[in-house]
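What follows is entry_29.pdb (PDB, C-alpha atoms and all ligand atoms).
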```
ATOM      1  CA  MET L   1       0.000   0.000   0.000  1.00  0.00           C
ATOM      2  CA  SER L   2       1.327   3.458  -0.834  1.00  0.00           C
ATOM      3  CA  LYS L   3       1.818   6.122   1.793  1.00  0.00           C
ATOM      4  CA  LEU L   4      -1.041   8.184   0.407  1.00  0.00           C
ATOM      5  CA  THR L   5      -3.694   5.498   0.594  1.00  0.00           C
ATOM      6  CA  GLN L   6      -2.430   4.486   3.987  1.00  0.00           C
ATOM      7  CA  ARG L   7      -2.979   7.969   5.290  1.00  0.00           C
ATOM      8  CA  LYS L   8      -6.455   8.084   3.778  1.00  0.00           C
ATOM      9  CA  SER L   9      -7.550   4.947   5.536  1.00  0.00           C
ATOM     10  CA  MET L  10      -6.511   6.255   8.951  1.00  0.00           C
ATOM     11  CA  ASP L  11      -9.150   7.953  11.047  1.00  0.00           C
ATOM     12  CA  TYR L  12      -8.856  11.648  11.674  1.00  0.00           C
ATOM     13  CA  ILE L  13      -8.073  12.375  15.303  1.00  0.00           C
ATOM     14  CA  LYS L  14      -9.146  15.779  16.493  1.00  0.00           C
ATOM     15  CA  LYS L  15      -6.760  17.366  18.934  1.00  0.00           C
ATOM     16  CA  ASP L  16      -8.438  18.115  22.218  1.00  0.00           C
ATOM     17  CA  TYR L  17      -7.497  21.486  23.683  1.00  0.00           C
ATOM     18  CA  VAL L  18      -8.196  22.434  27.260  1.00  0.00           C
ATOM     19  CA  ARG L  19     -10.483  25.448  27.279  1.00  0.00           C
ATOM     20  CA  THR L  20      -8.880  27.929  29.650  1.00  0.00           C
ATOM     21  CA  ARG L  21     -10.832  31.125  29.069  1.00  0.00           C
ATOM     22  CA  THR L  22     -13.784  32.336  26.951  1.00  0.00           C
ATOM     23  CA  MET L  23     -14.649  35.888  25.997  1.00  0.00           C
ATOM     24  CA  PRO L  24     -17.832  37.316  24.505  1.00  0.00           C
ATOM     25  CA  GLY L  25     -17.348  39.037  21.193  1.00  0.00           C
ATOM     26  CA  SER L  26     -18.554  39.470  17.654  1.00  0.00           C
ATOM     27  CA  TRP L  27     -16.884  39.636  14.333  1.00  0.00           C
ATOM     28  CA  TYR L  28     -18.372  42.090  11.845  1.00  0.00           C
ATOM     29  CA  LEU L  29     -17.408  40.756   8.459  1.00  0.00           C
ATOM     30  CA  ASN L  30     -19.065  43.634   6.645  1.00  0.00           C
ATOM     31  CA  SER L  31     -16.632  46.067   8.244  1.00  0.00           C
ATOM     32  CA  TYR L  32     -13.895  44.703   6.021  1.00  0.00           C
ATOM     33  CA  THR L  33     -13.283  46.311   2.646  1.00  0.00           C
ATOM     34  CA  TYR L  34     -11.441  44.612  -0.108  1.00  0.00           C
ATOM     35  CA  LYS L  35      -9.970  46.409  -3.074  1.00  0.00           C
ATOM     36  CA  PHE L  36      -9.384  44.404  -6.187  1.00  0.00           C
ATOM     37  CA  ASN L  37      -6.558  45.967  -8.134  1.00  0.00           C
ATOM     38  CA  ILE L  38      -6.925  45.650 -11.888  1.00  0.00           C
ATOM     39  CA  THR L  39      -4.411  48.292 -12.973  1.00  0.00           C
ATOM     40  CA  HIS L  40      -2.179  45.542 -14.359  1.00  0.00           C
ATOM     41  CA  ALA L  41      -4.960  44.752 -16.858  1.00  0.00           C
ATOM     42  CA  GLN L  42      -5.406  48.281 -18.234  1.00  0.00           C
ATOM     43  CA  PRO L  43      -3.509  47.707 -21.537  1.00  0.00           C
ATOM     44  CA  PHE L  44      -5.488  44.486 -21.987  1.00  0.00           C
ATOM     45  CA  LEU L  45      -8.833  46.264 -21.482  1.00  0.00           C
ATOM     46  CA  ARG L  46      -7.853  49.085 -23.836  1.00  0.00           C
ATOM     47  CA  LYS L  47      -7.022  46.539 -26.536  1.00  0.00           C
ATOM     48  CA  LEU L  48     -10.361  44.764 -26.026  1.00  0.00           C
ATOM     49  CA  LYS L  49     -12.089  48.034 -26.895  1.00  0.00           C
ATOM     50  CA  GLU L  50     -10.257  47.895 -30.238  1.00  0.00           C
ATOM     51  CA  LYS L  51     -11.330  44.244 -30.651  1.00  0.00           C
ATOM     52  CA  LYS L  52      -7.774  43.053 -30.129  1.00  0.00           C
ATOM     53  CA  LEU L  53      -6.485  40.388 -27.783  1.00  0.00           C
ATOM     54  CA  VAL L  54      -3.304  40.447 -25.737  1.00  0.00           C
ATOM     55  CA  GLY L  55      -1.929  38.323 -22.946  1.00  0.00           C
ATOM     56  CA  ASN L  56       0.902  39.066 -20.563  1.00  0.00           C
ATOM     57  CA  GLU L  57       4.038  36.993 -20.395  1.00  0.00           C
ATOM     58  CA  CYS L  58       6.141  35.861 -17.470  1.00  0.00           C
ATOM     59  CA  PRO L  59       9.824  36.736 -18.106  1.00  0.00           C
ATOM     60  CA  SER L  60      10.956  33.646 -16.217  1.00  0.00           C
ATOM     61  CA  CYS L  61       8.828  30.711 -17.411  1.00  0.00           C
ATOM     62  CA  ASN L  62       7.626  32.426 -20.629  1.00  0.00           C
ATOM     63  CA  ARG L  63       4.029  31.418 -20.046  1.00  0.00           C
ATOM     64  CA  ILE L  64       1.458  33.748 -21.577  1.00  0.00           C
ATOM     65  CA  PHE L  65      -1.606  34.509 -19.504  1.00  0.00           C
ATOM     66  CA  PHE L  66      -5.001  35.173 -20.990  1.00  0.00           C
ATOM     67  CA  PRO L  67      -6.703  36.913 -19.265  1.00  0.00           C
ATOM     68  CA  PRO L  68      -3.612  38.677 -17.867  1.00  0.00           C
ATOM     69  CA  ARG L  69      -2.424  37.861 -14.353  1.00  0.00           C
ATOM     70  CA  GLN L  70      -0.883  40.198 -11.843  1.00  0.00           C
ATOM     71  CA  ILE L  71       1.702  37.657 -10.811  1.00  0.00           C
ATOM     72  CA  CYS L  72       3.002  34.350 -12.123  1.00  0.00           C
ATOM     73  CA  GLY L  73       1.964  31.702  -9.635  1.00  0.00           C
ATOM     74  CA  LYS L  74       4.919  29.493 -10.536  1.00  0.00           C
ATOM     75  CA  CYS L  75       7.741  32.037 -10.458  1.00  0.00           C
ATOM     76  CA  MET L  76       6.147  34.583  -8.072  1.00  0.00           C
ATOM     77  CA  ILE L  77       7.199  37.478 -10.273  1.00  0.00           C
ATOM     78  CA  LYS L  78       5.246  40.023 -12.282  1.00  0.00           C
ATOM     79  CA  PRO L  79       4.702  39.383 -15.986  1.00  0.00           C
ATOM     80  CA  ASP L  80       6.328  42.301 -17.808  1.00  0.00           C
ATOM     81  CA  ARG L  81       5.628  41.745 -21.497  1.00  0.00           C
ATOM     82  CA  TRP L  82       2.534  41.896 -23.654  1.00  0.00           C
ATOM     83  CA  ALA L  83       1.956  39.424 -26.445  1.00  0.00           C
ATOM     84  CA  ASP L  84      -0.569  39.712 -29.268  1.00  0.00           C
ATOM     85  CA  LEU L  85      -2.956  36.797 -29.446  1.00  0.00           C
ATOM     86  CA  ARG L  86      -5.040  35.443 -32.284  1.00  0.00           C
ATOM     87  CA  GLU L  87      -8.822  35.569 -32.321  1.00  0.00           C
ATOM     88  CA  THR L  88      -8.942  31.814 -32.464  1.00  0.00           C
ATOM     89  CA  ALA L  89      -9.117  29.448 -29.514  1.00  0.00           C
ATOM     90  CA  ARG L  90      -9.781  25.821 -28.715  1.00  0.00           C
ATOM     91  CA  VAL L  91     -11.987  24.069 -26.219  1.00  0.00           C
ATOM     92  CA  ALA L  92      -9.703  22.957 -23.381  1.00  0.00           C
ATOM     93  CA  THR L  93     -12.438  21.230 -21.432  1.00  0.00           C
ATOM     94  CA  PHE L  94     -16.197  21.479 -21.060  1.00  0.00           C
ATOM     95  CA  THR L  95     -19.203  20.440 -19.087  1.00  0.00           C
ATOM     96  CA  VAL L  96     -22.955  20.762 -19.435  1.00  0.00           C
ATOM     97  CA  THR L  97     -25.419  22.857 -17.456  1.00  0.00           C
ATOM     98  CA  TYR L  98     -29.152  22.351 -17.228  1.00  0.00           C
ATOM     99  CA  LEU L  99     -31.157  25.548 -17.316  1.00  0.00           C
ATOM    100  CA  LYS L 100     -34.850  25.438 -16.498  1.00  0.00           C
ATOM    101  CA  ASP L 101     -37.036  27.966 -18.229  1.00  0.00           C
ATOM    102  CA  PRO L 102     -38.985  29.683 -15.396  1.00  0.00           C
ATOM    103  CA  GLU L 103     -42.117  29.997 -17.543  1.00  0.00           C
ATOM    104  CA  THR L 104     -42.370  26.813 -19.562  1.00  0.00           C
ATOM    105  CA  GLY L 105     -40.429  24.562 -17.187  1.00  0.00           C
ATOM    106  CA  GLU L 106     -38.480  23.271 -20.159  1.00  0.00           C
ATOM    107  CA  VAL L 107     -34.940  22.164 -19.301  1.00  0.00           C
ATOM    108  CA  LYS L 108     -32.256  23.307 -21.697  1.00  0.00           C
ATOM    109  CA  GLU L 109     -28.810  21.784 -21.936  1.00  0.00           C
ATOM    110  CA  ARG L 110     -26.035  24.283 -22.496  1.00  0.00           C
ATOM    111  CA  PRO L 111     -22.304  23.639 -22.769  1.00  0.00           C
ATOM    112  CA  VAL L 112     -19.983  25.526 -20.420  1.00  0.00           C
ATOM    113  CA  VAL L 113     -16.545  25.584 -21.947  1.00  0.00           C
ATOM    114  CA  CYS L 114     -13.060  26.356 -20.806  1.00  0.00           C
ATOM    115  CA  ILE L 115     -11.133  27.782 -23.742  1.00  0.00           C
ATOM    116  CA  ARG L 116      -7.452  28.185 -24.449  1.00  0.00           C
ATOM    117  CA  GLN L 117      -6.856  31.232 -26.615  1.00  0.00           C
ATOM    118  CA  ASP L 118      -4.350  30.403 -29.358  1.00  0.00           C
ATOM    119  CA  GLY L 119      -0.945  31.686 -28.294  1.00  0.00           C
ATOM    120  CA  SER L 120      -1.716  31.598 -24.576  1.00  0.00           C
ATOM    121  CA  ASP L 121      -0.924  28.979 -21.959  1.00  0.00           C
ATOM    122  CA  THR L 122      -3.910  29.433 -19.670  1.00  0.00           C
ATOM    123  CA  THR L 123      -7.609  28.719 -19.916  1.00  0.00           C
ATOM    124  CA  ASN L 124     -10.684  30.840 -19.384  1.00  0.00           C
ATOM    125  CA  ILE L 125     -14.380  30.068 -18.986  1.00  0.00           C
ATOM    126  CA  ALA L 126     -16.422  31.151 -22.003  1.00  0.00           C
ATOM    127  CA  GLU L 127     -19.759  30.855 -23.739  1.00  0.00           C
ATOM    128  CA  LEU L 128     -20.335  29.135 -27.062  1.00  0.00           C
ATOM    129  CA  ALA L 129     -22.623  30.424 -29.824  1.00  0.00           C
ATOM    130  CA  PRO L 130     -26.260  29.819 -28.739  1.00  0.00           C
ATOM    131  CA  GLU L 131     -27.005  27.443 -31.625  1.00  0.00           C
ATOM    132  CA  ILE L 132     -24.298  24.980 -30.557  1.00  0.00           C
ATOM    133  CA  ASP L 133     -25.595  21.699 -29.182  1.00  0.00           C
ATOM    134  CA  PHE L 134     -23.620  20.478 -26.181  1.00  0.00           C
ATOM    135  CA  LYS L 135     -23.485  17.022 -27.774  1.00  0.00           C
ATOM    136  CA  ASP L 136     -21.345  18.458 -30.591  1.00  0.00           C
ATOM    137  CA  THR L 137     -18.815  19.969 -28.185  1.00  0.00           C
ATOM    138  CA  TYR L 138     -15.452  18.257 -27.911  1.00  0.00           C
ATOM    139  CA  ILE L 139     -11.995  18.957 -26.516  1.00  0.00           C
ATOM    140  CA  GLY L 140      -9.848  20.644 -29.155  1.00  0.00           C
ATOM    141  CA  MET L 141     -12.858  22.132 -30.979  1.00  0.00           C
ATOM    142  CA  PRO L 142     -11.621  25.202 -32.909  1.00  0.00           C
ATOM    143  CA  LEU L 143     -13.321  28.490 -32.048  1.00  0.00           C
ATOM    144  CA  LYS L 144     -13.213  32.144 -32.976  1.00  0.00           C
ATOM    145  CA  VAL L 145     -14.095  35.197 -30.907  1.00  0.00           C
ATOM    146  CA  HIS L 146     -17.529  36.715 -31.544  1.00  0.00           C
ATOM    147  CA  TRP L 147     -17.311  40.360 -30.476  1.00  0.00           C
ATOM    148  CA  VAL L 148     -20.171  42.447 -29.152  1.00  0.00           C
ATOM    149  CA  GLU L 149     -21.234  45.315 -31.418  1.00  0.00           C
ATOM    150  CA  ASN L 150     -19.884  48.103 -29.232  1.00  0.00           C
ATOM    151  CA  PRO L 151     -16.943  46.969 -27.107  1.00  0.00           C
ATOM    152  CA  GLN L 152     -16.677  48.741 -23.748  1.00  0.00           C
ATOM    153  CA  GLY L 153     -13.210  47.580 -22.766  1.00  0.00           C
ATOM    154  CA  GLY L 154     -14.071  44.570 -20.598  1.00  0.00           C
ATOM    155  CA  LEU L 155     -14.084  40.789 -20.829  1.00  0.00           C
ATOM    156  CA  ASN L 156     -17.782  40.956 -21.733  1.00  0.00           C
ATOM    157  CA  ASP L 157     -16.687  42.391 -25.103  1.00  0.00           C
ATOM    158  CA  ILE L 158     -16.297  38.770 -26.113  1.00  0.00           C
ATOM    159  CA  GLU L 159     -19.970  37.886 -26.448  1.00  0.00           C
ATOM    160  CA  TYR L 160     -19.272  34.236 -27.182  1.00  0.00           C
ATOM    161  CA  TYR L 161     -17.176  31.965 -29.371  1.00  0.00           C
ATOM    162  CA  ASP L 162     -18.218  30.820 -32.828  1.00  0.00           C
ATOM    163  CA  VAL L 163     -17.300  27.323 -33.894  1.00  0.00           C
ATOM    164  CA  ILE L 164     -15.056  27.254 -36.967  1.00  0.00           C
ATOM    165  CA  GLU L 165     -14.162  24.463 -39.356  1.00  0.00           C
ATOM    166  CA  ASP L 166     -11.908  21.809 -37.865  1.00  0.00           C
ATOM    167  CA  LYS L 167      -9.058  21.290 -40.312  1.00  0.00           C
ATOM    168  CA  ALA L 168      -7.416  18.607 -38.213  1.00  0.00           C
ATOM    169  CA  LYS L 169      -7.002  15.325 -40.050  1.00  0.00           C
ATOM    170  CA  GLU L 170      -6.703  11.919 -38.577  1.00  0.00           C
ATOM    171  CA  LEU L 171      -3.271  10.396 -38.743  1.00  0.00           C
ATOM    172  CA  LYS L 172      -2.942   7.383 -40.994  1.00  0.00           C
ATOM    173  CA  THR L 173      -1.358   4.935 -38.656  1.00  0.00           C
ATOM    174  CA  LYS L 174      -0.535   1.358 -39.447  1.00  0.00           C
ATOM    175  CA  LYS L 175      -3.026  -1.115 -38.145  1.00  0.00           C
ATOM    176  CA  VAL L 176      -1.418  -3.898 -36.230  1.00  0.00           C
TER     177      VAL L 176
HETATM  178 ZN    ZN F 201       6.539  32.299 -14.506  1.00  0.00          ZN
END
```
Translate this file's structure into structure tokens.
Ligand SMILES: [Zn+2]
Amino acid sequence: MSKLTQRKSMDYIKKDYVRTRTMPGSWYLNSYTYKFNITHAQPFLRKLKEKKLVGNECPSCNRIFFPPRQICGKCMIKPDRWADLRETARVATFTVTYLKDPETGEVKERPVVCIRQDGSDTTNIAELAPEIDFKDTYIGMPLKVHWVENPQGGLNDIEYYDVIEDKAKELKTKKV
């Protein structure tokens, strides 16, 4: 048996602490404010308004992030370069959601896809064109960005992804 499975089979023993003192008190979570800094994404958002895609690149591991990241989680340093990306992408992985129409009660199956923009090394959750049946979705499916009419400079400027022709051919391998 490996160490990992051995550990799993053991029962969890909760450490028992001696309670020495208790104090009344409350913790107001709504008194906390949290500021989400997106200044690192400004060039990216400006480009979106022009219907152009860029990702930022880590100078150490050369990974390109789309959408851009403030810090590379592997190298713990700030990406410092911008790289132009194509409008095409591929389905990296997908799942299906079931949406119930509140009026008719009809349940609709919709694919939820994770895409990898061509030229980038990361994935992002996206929407597929509404006419796409989830049964036709597959990993590696080629896609192209479908822009909104008037881009505002945000990730919502990508309305959804259109499916484009798959030019991949099957390899002719020898049958054994
Ligand atoms: Zn890195």
Selection result for the PyMOL selection byres (((chain L and resi 111) around 8) and not hetatm) on this file, as a JSON list (two decimals) with C-alpha atoms, in the frame of the given file:
```json
[["chain", "number", "residue", "atom", "x", "y", "z"],
["L", 94, "PHE", "CA", -16.20, 21.48, -21.06],
["L", 95, "THR", "CA", -19.20, 20.44, -19.09],
["L", 96, "VAL", "CA", -22.96, 20.76, -19.43],
["L", 97, "THR", "CA", -25.42, 22.86, -17.46],
["L", 109, "GLU", "CA", -28.81, 21.78, -21.94],
["L", 110, "ARG", "CA", -26.04, 24.28, -22.50],
["L", 112, "VAL", "CA", -19.98, 25.53, -20.42],
["L", 113, "VAL", "CA", -16.55, 25.58, -21.95],
["L", 127, "GLU", "CA", -19.76, 30.86, -23.74],
["L", 128, "LEU", "CA", -20.34, 29.14, -27.06],
["L", 133, "ASP", "CA", -25.60, 21.70, -29.18],
["L", 134, "PHE", "CA", -23.62, 20.48, -26.18],
["L", 137, "THR", "CA", -18.82, 19.97, -28.18]]
```
Within 6 Å of stretch 43-53 of chain L using all atoms listed in the file, minus same-chain residues under 3 positions, as a list of chain:residue names: L:Leu85, L:Pro151, L:Gln152, L:Gly153, L:Gly154
Sel. within 10 Å of pt (-10.9, 16.7, -29.9), counting all atoms listed in the file, output as a count of residues only: 12
Once you count all atoms listed in the file, which residues end up within 9 Å of ligand ZN 201 (chain F), and could you hand them over as an mmCIF file with C-alpha atoms, in the coordinates of the input?
```cif
data_model
loop_
_atom_site.group_PDB
_atom_site.id
_atom_site.type_symbol
_atom_site.label_atom_id
_atom_site.label_comp_id
_atom_site.auth_asym_id
_atom_site.auth_seq_id
_atom_site.Cartn_x
_atom_site.Cartn_y
_atom_site.Cartn_z
ATOM 1 C CA GLU L 57 4.038 36.993 -20.395
ATOM 2 C CA CYS L 58 6.141 35.861 -17.470
ATOM 3 C CA PRO L 59 9.824 36.736 -18.106
ATOM 4 C CA SER L 60 10.956 33.646 -16.217
ATOM 5 C CA CYS L 61 8.828 30.711 -17.411
ATOM 6 C CA ASN L 62 7.626 32.426 -20.629
ATOM 7 C CA ARG L 63 4.029 31.418 -20.046
ATOM 8 C CA ILE L 64 1.458 33.748 -21.577
ATOM 9 C CA ILE L 71 1.702 37.657 -10.811
ATOM 10 C CA CYS L 72 3.002 34.350 -12.123
ATOM 11 C CA GLY L 73 1.964 31.702 -9.635
ATOM 12 C CA LYS L 74 4.919 29.493 -10.536
ATOM 13 C CA CYS L 75 7.741 32.037 -10.458
ATOM 14 C CA MET L 76 6.147 34.583 -8.072
ATOM 15 C CA ILE L 77 7.199 37.478 -10.273
ATOM 16 C CA LYS L 78 5.246 40.023 -12.282
ATOM 17 C CA PRO L 79 4.702 39.383 -15.986
#
```
Gap from atom CA of L:Pro102 to atom CA of L:Ile125 - Å, one decimal: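 Computing the Euclidean distance for atom CA of L:Pro102 and atom CA of L:Ile125 yields 24.9 Å.
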d(atom CA of L:Pro67, atom CA of L:Lys167) in Å: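 If I compute the distance from atom CA of L:Pro67 to atom CA of L:Lys167, I get 26.3 Å.
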Two-atom distance - atom CA of L:Asp118, atom CA of L:Tyr161 (Å):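 About the pair atom CA of L:Asp118 and atom CA of L:Tyr161: they are 12.9 Å apart.
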Near-L:Ala41 list (8 Å; all atoms listed in the file; drop same-chain fewer than 6 positions) as a list in words: Pro68, Arg69 and Gln70 of chain L
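Residue neighbourhood of L:Asp162, excluding near-sequence residues (fewer than 5 positions): Leu128, Ala129, Leu143, Lys144, Val145 and His146 of chain L, at 8 Å, using only C-alpha atoms.
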Starting from the PyMOL selection byres (((chain L and resi 159) around 7) and not hetatm), expand the selection into actual residues of this file and give them as a compact mmCIF listing (two decimals) with C-alpha atoms, in the frame of the given file.
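File produced: out_19.txt:
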```txt
# COMPACT_ATOMS: atom_id res chain seq x y z
CA HIS L 146 -17.53 36.72 -31.54
CA TRP L 147 -17.31 40.36 -30.48
CA VAL L 148 -20.17 42.45 -29.15
CA ASN L 156 -17.78 40.96 -21.73
CA ASP L 157 -16.69 42.39 -25.10
CA ILE L 158 -16.30 38.77 -26.11
CA TYR L 160 -19.27 34.24 -27.18
```
